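The file structure.csv contains CSV, N, CA and C atoms:
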chain,number,residue,atom,x,y,z
A,1,ASP,N,-19.0,-0.2,9.7
A,1,ASP,CA,-18.0,0.8,10.0
A,1,ASP,C,-17.0,0.8,8.8
A,2,SER,N,-16.4,2.0,8.6
A,2,SER,CA,-15.4,2.1,7.6
A,2,SER,C,-14.3,3.1,8.0
A,3,ALA,N,-13.1,3.0,7.4
A,3,ALA,CA,-12.0,3.9,7.7
A,3,ALA,C,-11.6,4.7,6.5
A,4,THR,N,-11.3,6.0,6.6
A,4,THR,CA,-10.8,6.7,5.5
A,4,THR,C,-9.4,7.1,5.8
A,5,MET,N,-8.5,6.8,4.8
A,5,MET,CA,-7.1,6.9,5.0
A,5,MET,C,-6.4,7.6,3.8
A,6,GLN,N,-5.3,8.3,4.1
A,6,GLN,CA,-4.5,8.8,3.0
A,6,GLN,C,-3.0,8.7,3.5
A,7,PHE,N,-2.2,8.3,2.5
A,7,PHE,CA,-0.8,8.1,2.8
A,7,PHE,C,0.1,8.9,1.9
A,8,CYS,N,1.3,9.2,2.3
A,8,CYS,CA,2.3,9.8,1.5
A,8,CYS,C,3.6,9.2,1.9
A,9,ALA,N,4.6,9.4,1.1
A,9,ALA,CA,6.0,9.0,1.4
A,9,ALA,C,7.0,10.0,0.9
A,10,ASN,N,8.1,10.1,1.5
A,10,ASN,CA,9.2,11.0,1.2
A,10,ASN,C,10.5,10.3,0.9
A,11,LYS,N,11.2,10.8,-0.1
A,11,LYS,CA,12.6,10.3,-0.3
A,11,LYS,C,12.7,8.8,-0.6
A,12,LEU,N,11.8,8.3,-1.4
A,12,LEU,CA,11.8,6.9,-1.7
A,12,LEU,C,13.1,6.6,-2.5
A,13,ASP,N,13.6,5.4,-2.5
A,13,ASP,CA,14.7,5.0,-3.3
A,13,ASP,C,14.4,5.1,-4.8
A,14,LYS,N,15.3,5.6,-5.6
A,14,LYS,CA,15.1,5.6,-7.1
A,14,LYS,C,15.3,4.2,-7.6
A,15,LYS,N,14.2,3.7,-8.2
A,15,LYS,CA,14.2,2.3,-8.7
A,15,LYS,C,14.2,2.2,-10.2
A,16,ASP,N,14.0,3.3,-10.9
A,16,ASP,CA,13.9,3.3,-12.3
A,16,ASP,C,15.1,3.9,-12.9
A,17,PHE,N,15.7,3.2,-13.9
A,17,PHE,CA,17.0,3.7,-14.5
A,17,PHE,C,16.7,4.9,-15.4
A,18,PHE,N,15.5,5.1,-15.9
A,18,PHE,CA,15.2,6.2,-16.9
A,18,PHE,C,14.5,7.3,-16.3
A,19,GLY,N,14.2,7.3,-15.0
A,19,GLY,CA,13.4,8.4,-14.4
A,19,GLY,C,13.2,8.1,-13.0
A,20,LYS,N,12.2,8.7,-12.4
A,20,LYS,CA,11.9,8.5,-11.0
A,20,LYS,C,11.0,7.3,-10.9
A,21,SER,N,10.7,6.9,-9.7
A,21,SER,CA,9.9,5.7,-9.4
A,21,SER,C,8.4,6.0,-9.7
A,22,ASP,N,7.7,4.9,-9.8
A,22,ASP,CA,6.2,4.9,-10.0
A,22,ASP,C,5.6,4.0,-8.9
A,23,PRO,N,5.6,4.5,-7.7
A,23,PRO,CA,5.2,3.7,-6.5
A,23,PRO,C,3.7,3.6,-6.3
A,24,PHE,N,3.3,2.5,-5.7
A,24,PHE,CA,2.0,2.2,-5.2
A,24,PHE,C,2.1,1.5,-3.9
A,25,MET,N,1.0,1.4,-3.1
A,25,MET,CA,1.0,0.7,-1.9
A,25,MET,C,0.1,-0.5,-1.9
A,26,VAL,N,0.4,-1.6,-1.2
A,26,VAL,CA,-0.4,-2.7,-1.1
A,26,VAL,C,-0.6,-3.0,0.4
A,27,PHE,N,-1.9,-3.2,0.8
A,27,PHE,CA,-2.3,-3.5,2.2
A,27,PHE,C,-2.6,-4.9,2.3
A,28,TYR,N,-2.1,-5.6,3.3
A,28,TYR,CA,-2.4,-7.0,3.6
A,28,TYR,C,-3.0,-7.1,4.9
A,29,ARG,N,-4.1,-7.8,5.1
A,29,ARG,CA,-4.6,-8.1,6.4
A,29,ARG,C,-4.2,-9.5,6.9
A,30,SER,N,-4.0,-9.6,8.2
A,30,SER,CA,-3.6,-10.9,8.8
A,30,SER,C,-4.8,-11.8,8.9
A,31,ASN,N,-4.6,-13.0,8.6
A,31,ASN,CA,-5.6,-14.0,8.7
A,31,ASN,C,-5.4,-14.8,10.0
A,32,GLU,N,-6.4,-15.5,10.4
A,32,GLU,CA,-6.3,-16.2,11.7
A,32,GLU,C,-5.3,-17.3,11.6
A,33,ASP,N,-4.9,-17.8,10.4
A,33,ASP,CA,-3.9,-18.9,10.3
A,33,ASP,C,-2.5,-18.4,10.2
A,34,GLY,N,-2.3,-17.0,10.3
A,34,GLY,CA,-1.0,-16.4,10.2
A,34,GLY,C,-0.6,-16.0,8.8
A,35,THR,N,-1.4,-16.3,7.8
A,35,THR,CA,-1.1,-15.8,6.5
A,35,THR,C,-1.7,-14.4,6.3
A,36,PHE,N,-1.4,-13.8,5.1
A,36,PHE,CA,-1.8,-12.5,4.8
A,36,PHE,C,-2.6,-12.5,3.5
A,37,THR,N,-3.6,-11.6,3.4
A,37,THR,CA,-4.4,-11.5,2.2
A,37,THR,C,-4.4,-10.0,1.8
A,38,ILE,N,-4.3,-9.8,0.5
A,38,ILE,CA,-4.4,-8.4,0.0
A,38,ILE,C,-5.8,-7.9,0.2
A,39,CYS,N,-5.9,-6.7,0.9
A,39,CYS,CA,-7.2,-6.1,1.1
A,39,CYS,C,-7.3,-4.8,0.4
A,40,HIS,N,-6.2,-4.2,-0.1
A,40,HIS,CA,-6.4,-2.9,-0.8
A,40,HIS,C,-5.1,-2.6,-1.6
A,41,LYS,N,-5.2,-2.0,-2.7
A,41,LYS,CA,-4.0,-1.5,-3.5
A,41,LYS,C,-4.3,0.0,-3.8
A,42,THR,N,-3.4,0.8,-3.7
A,42,THR,CA,-3.6,2.2,-4.1
A,42,THR,C,-3.3,2.4,-5.6
A,43,GLU,N,-3.6,3.5,-6.1
A,43,GLU,CA,-3.2,3.9,-7.5
A,43,GLU,C,-1.7,4.0,-7.5
A,44,VAL,N,-1.2,3.9,-8.7
A,44,VAL,CA,0.2,4.2,-9.0
A,44,VAL,C,0.4,5.7,-9.2
A,45,VAL,N,1.4,6.3,-8.5
A,45,VAL,CA,1.7,7.7,-8.6
A,45,VAL,C,2.9,7.7,-9.5
A,46,LYS,N,2.8,8.3,-10.7
A,46,LYS,CA,3.8,8.2,-11.7
A,46,LYS,C,5.0,9.2,-11.4
A,47,ASN,N,6.2,8.8,-11.7
A,47,ASN,CA,7.4,9.6,-11.8
A,47,ASN,C,7.6,10.5,-10.6
A,48,THR,N,7.7,9.9,-9.4
A,48,THR,CA,8.0,10.7,-8.2
A,48,THR,C,8.6,9.8,-7.1
A,49,LEU,N,9.4,10.5,-6.3
A,49,LEU,CA,10.0,9.8,-5.1
A,49,LEU,C,9.4,10.3,-3.9
A,50,ASN,N,8.4,11.2,-4.0
A,50,ASN,CA,7.6,11.8,-2.9
A,50,ASN,C,6.1,11.7,-3.2
A,51,PRO,N,5.6,10.4,-3.3
A,51,PRO,CA,4.2,10.3,-3.7
A,51,PRO,C,3.2,10.7,-2.6
A,52,VAL,N,2.1,11.2,-3.1
A,52,VAL,CA,0.9,11.4,-2.2
A,52,VAL,C,-0.3,10.7,-2.9
A,53,TRP,N,-0.8,9.6,-2.2
A,53,TRP,CA,-1.8,8.8,-2.7
A,53,TRP,C,-3.2,9.4,-2.4
A,54,GLN,N,-4.2,9.2,-3.2
A,54,GLN,CA,-5.5,9.7,-3.0
A,54,GLN,C,-6.1,9.1,-1.8
A,55,PRO,N,-6.9,9.9,-1.0
A,55,PRO,CA,-7.6,9.3,0.1
A,55,PRO,C,-8.5,8.1,-0.4
A,56,PHE,N,-8.7,7.1,0.5
A,56,PHE,CA,-9.6,6.1,0.2
A,56,PHE,C,-10.4,5.6,1.4
A,57,THR,N,-11.5,5.1,1.2
A,57,THR,CA,-12.4,4.6,2.3
A,57,THR,C,-12.5,3.1,2.1
A,58,ILE,N,-12.3,2.3,3.2
A,58,ILE,CA,-12.3,0.9,3.2
A,58,ILE,C,-13.1,0.4,4.4
A,59,PRO,N,-13.9,-0.6,4.2
A,59,PRO,CA,-14.7,-1.2,5.3
A,59,PRO,C,-13.7,-1.8,6.3
A,60,VAL,N,-14.0,-1.6,7.6
A,60,VAL,CA,-13.2,-2.2,8.7
A,60,VAL,C,-13.2,-3.7,8.5
A,61,ARG,N,-14.2,-4.3,8.1
A,61,ARG,CA,-14.3,-5.7,7.8
A,61,ARG,C,-13.2,-6.2,6.9
A,62,ALA,N,-12.9,-5.4,5.9
A,62,ALA,CA,-11.8,-5.7,4.9
A,62,ALA,C,-10.4,-5.6,5.5
A,63,LEU,N,-10.3,-4.7,6.5
A,63,LEU,CA,-9.0,-4.5,7.1
A,63,LEU,C,-8.7,-5.6,8.2
A,64,CYS,N,-9.7,-5.9,9.0
A,64,CYS,CA,-9.4,-6.8,10.2
A,64,CYS,C,-10.6,-7.7,10.4
A,65,ASN,N,-11.4,-7.9,9.4
A,65,ASN,CA,-12.6,-8.8,9.6
A,65,ASN,C,-13.5,-8.4,10.7
A,66,GLY,N,-13.5,-7.1,11.0
A,66,GLY,CA,-14.3,-6.6,12.1
A,66,GLY,C,-13.8,-6.8,13.5
A,67,ASP,N,-12.6,-7.4,13.6
A,67,ASP,CA,-11.9,-7.7,14.9
A,67,ASP,C,-11.0,-6.5,15.2
A,68,TYR,N,-11.5,-5.6,16.1
A,68,TYR,CA,-10.7,-4.4,16.4
A,68,TYR,C,-9.5,-4.7,17.3
A,69,ASP,N,-9.3,-5.9,17.8
A,69,ASP,CA,-8.1,-6.3,18.5
A,69,ASP,C,-7.1,-6.9,17.6
A,70,ARG,N,-7.4,-7.2,16.4
A,70,ARG,CA,-6.5,-7.8,15.4
A,70,ARG,C,-5.4,-6.8,15.1
A,71,CYS,N,-4.2,-7.2,14.8
A,71,CYS,CA,-3.1,-6.4,14.3
A,71,CYS,C,-3.5,-5.6,13.1
A,72,LEU,N,-3.0,-4.4,13.0
A,72,LEU,CA,-3.2,-3.6,11.8
A,72,LEU,C,-2.7,-4.3,10.5
A,73,PRO,N,-3.2,-3.9,9.4
A,73,PRO,CA,-2.7,-4.6,8.1
A,73,PRO,C,-1.2,-4.3,7.9
A,74,TYR,N,-0.6,-5.2,7.2
A,74,TYR,CA,0.8,-5.1,6.8
A,74,TYR,C,0.8,-4.2,5.5
A,75,LEU,N,1.7,-3.2,5.4
A,75,LEU,CA,1.7,-2.3,4.3
A,75,LEU,C,3.0,-2.6,3.5
A,76,ALA,N,3.0,-2.5,2.2
A,76,ALA,CA,4.2,-2.6,1.4
A,76,ALA,C,4.1,-1.5,0.3
A,77,CYS,N,5.2,-0.9,0.1
A,77,CYS,CA,5.3,0.1,-1.0
A,77,CYS,C,6.0,-0.6,-2.1
A,78,MET,N,5.4,-0.6,-3.3
A,78,MET,CA,5.9,-1.3,-4.4
A,78,MET,C,6.2,-0.4,-5.6
A,79,GLN,N,7.0,-0.8,-6.5
A,79,GLN,CA,7.4,-0.1,-7.7
A,79,GLN,C,6.7,-0.7,-8.9
A,80,SER,N,5.9,0.1,-9.7
A,80,SER,CA,5.2,-0.5,-10.8
A,80,SER,C,5.9,-0.9,-12.0
A,81,ASN,N,7.1,-0.2,-12.3
A,81,ASN,CA,7.8,-0.5,-13.5
A,81,ASN,C,9.2,-1.0,-13.3
A,82,SER,N,9.4,-1.7,-12.2
A,82,SER,CA,10.7,-2.3,-11.9
A,82,SER,C,10.5,-3.7,-11.4
A,83,ASN,N,9.7,-4.5,-12.1
A,83,ASN,CA,9.4,-5.9,-11.7
A,83,ASN,C,8.8,-5.9,-10.3
A,84,TYR,N,8.0,-4.9,-10.0
A,84,TYR,CA,7.3,-4.8,-8.7
A,84,TYR,C,8.2,-5.0,-7.5
A,85,GLY,N,9.4,-4.4,-7.6
A,85,GLY,CA,10.3,-4.3,-6.5
A,85,GLY,C,9.8,-3.4,-5.4
A,86,ASN,N,10.3,-3.6,-4.2
A,86,ASN,CA,9.9,-2.7,-3.1
A,86,ASN,C,10.5,-1.3,-3.3
A,87,CYS,N,9.8,-0.3,-2.7
A,87,CYS,CA,10.3,1.1,-2.7
A,87,CYS,C,11.5,1.2,-1.9
As structure tokens, the full file:
Amino acid sequence: DSATMQFCANKLDKKDFFGKSDPFMVFYRSNEDGTFTICHKTEVVKNTLNPVWQPFTIPVRALCNGDYDRCLPYLACMQSNSNYGNC
């Protein structure tokens, strides 16, 4: 099984002193021991506070190890040119 997803964001904080942000998203899946593992990173969308990321398909196994009762992945919006600060 796989899932196809697409995300967008609106009115992100401006994190770049010389222009708009360059955001990307990082997806973390929860592990059985309570830790998190990166399972997907989106592309960087340059110079925008309202990014639209490309659709992507990911195996369900990568998101939740095939366990449909497991919590959804943790998502983080990151800034590529500001020491990887949060959006």
How would you write, as a PyMOL selection string, the set of residues in chain A that DSSP gives as alpha helix (DSSP H)?
chain A and resi 60-64
Which residues are near stretch 50-63 of chain A? Cut-off 6 Å, only N, CA and C atoms, ignore same chain within fewer than 4 positions. Put them as a list in words.
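The residues satisfying every condition are Asp1, Ser2, Ala3, Thr4, Met5, Gln6, Phe7, Cys8, Ala9, Asn10, Lys11, Leu12, Arg29, Cys39 and Pro73 of chain A.
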For N, CA and C atoms, I'd like the residues from the last selection saved as a CSV table (one decimal), keeping the file's coordinate frame.
chain,number,residue,atom,x,y,z
A,1,ASP,N,-19.0,-0.2,9.7
A,1,ASP,CA,-18.0,0.8,10.0
A,1,ASP,C,-17.0,0.8,8.8
A,2,SER,N,-16.4,2.0,8.6
A,2,SER,CA,-15.4,2.1,7.6
A,2,SER,C,-14.3,3.1,8.0
A,3,ALA,N,-13.1,3.0,7.4
A,3,ALA,CA,-12.0,3.9,7.7
A,3,ALA,C,-11.6,4.7,6.5
A,4,THR,N,-11.3,6.0,6.6
A,4,THR,CA,-10.8,6.7,5.5
A,4,THR,C,-9.4,7.1,5.8
A,5,MET,N,-8.5,6.8,4.8
A,5,MET,CA,-7.1,6.9,5.0
A,5,MET,C,-6.4,7.6,3.8
A,6,GLN,N,-5.3,8.3,4.1
A,6,GLN,CA,-4.5,8.8,3.0
A,6,GLN,C,-3.0,8.7,3.5
A,7,PHE,N,-2.2,8.3,2.5
A,7,PHE,CA,-0.8,8.1,2.8
A,7,PHE,C,0.1,8.9,1.9
A,8,CYS,N,1.3,9.2,2.3
A,8,CYS,CA,2.3,9.8,1.5
A,8,CYS,C,3.6,9.2,1.9
A,9,ALA,N,4.6,9.4,1.1
A,9,ALA,CA,6.0,9.0,1.4
A,9,ALA,C,7.0,10.0,0.9
A,10,ASN,N,8.1,10.1,1.5
A,10,ASN,CA,9.2,11.0,1.2
A,10,ASN,C,10.5,10.3,0.9
A,11,LYS,N,11.2,10.8,-0.1
A,11,LYS,CA,12.6,10.3,-0.3
A,11,LYS,C,12.7,8.8,-0.6
A,12,LEU,N,11.8,8.3,-1.4
A,12,LEU,CA,11.8,6.9,-1.7
A,12,LEU,C,13.1,6.6,-2.5
A,29,ARG,N,-4.1,-7.8,5.1
A,29,ARG,CA,-4.6,-8.1,6.4
A,29,ARG,C,-4.2,-9.5,6.9
A,39,CYS,N,-5.9,-6.7,0.9
A,39,CYS,CA,-7.2,-6.1,1.1
A,39,CYS,C,-7.3,-4.8,0.4
A,73,PRO,N,-3.2,-3.9,9.4
A,73,PRO,CA,-2.7,-4.6,8.1
A,73,PRO,C,-1.2,-4.3,7.9
With all atoms listed in the file as the counted atoms, please give the residues lying no more than 8 Å from A:Leu75, apart from itself and same-chain residues fewer than 5 positions off, as a PyMOL selection string.
chain A and resi 25-29
From the set A:Asn65, A:Asp33, A:Cys71, A:Leu49, which residue has the shortest atom-to-atom contact distance to A:Lys14, counting all atoms listed in the file?
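Ranking A:Asn65, A:Asp33, A:Cys71, A:Leu49 by distance to A:Lys14, first place goes to A:Leu49.
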If you measure from atom CA of A:Cys64 to atom C of A:Ser30, what distance in Å do you get, rounded to one decimal?
6.9 Å
Shortest contact to A:Gln79, candidates A:Glu32, A:Phe18, A:Asn47, A:His40, atoms counted only C-alpha atoms, goes to A:Asn47
Atom N of A:Lys41 to atom C of A:Asp16, straight-line distance in Å
23.5 Å
So that I can check the secondary structure, give me every residue of chain A assigned strand (DSSP E) by backbone DSSP, as a PyMOL selection string.
chain A and resi 2-5+23-30+36-41+56-59+74-79
Pull the closest atom pair for each residue of stretch 30-71 of chain A that gets at most 5 Å from stretch 19-22 of chain A, along with the distance in Å to one decimal, counting all atoms listed in the file, ordering rows by chain and then ascending residue number, as a Markdown table.
| residue | atom | partner | partner_atom | distance |
| --- | --- | --- | --- | --- |
| A:Val45 | C | A:Asp22 | CA | 4.4 |
| A:Lys46 | CA | A:Asp22 | CA | 4.4 |
| A:Asn47 | N | A:Ser21 | C | 4.1 |
| A:Thr48 | N | A:Ser21 | C | 4.0 |
Please measure the separation of atom CA of A:Thr35 and atom CA of A:Ser80, giving the value in Å to one decimal.
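Computing it gives 23.9 Å between the two atoms.
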Between A:Phe17, A:Gly66, A:Val44, A:Gly34, which one has atoms that come closest to A:Met78, using only C-alpha atoms?
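When distances to A:Met78 are compared using only C-alpha atoms, the smallest one comes from A:Val44.
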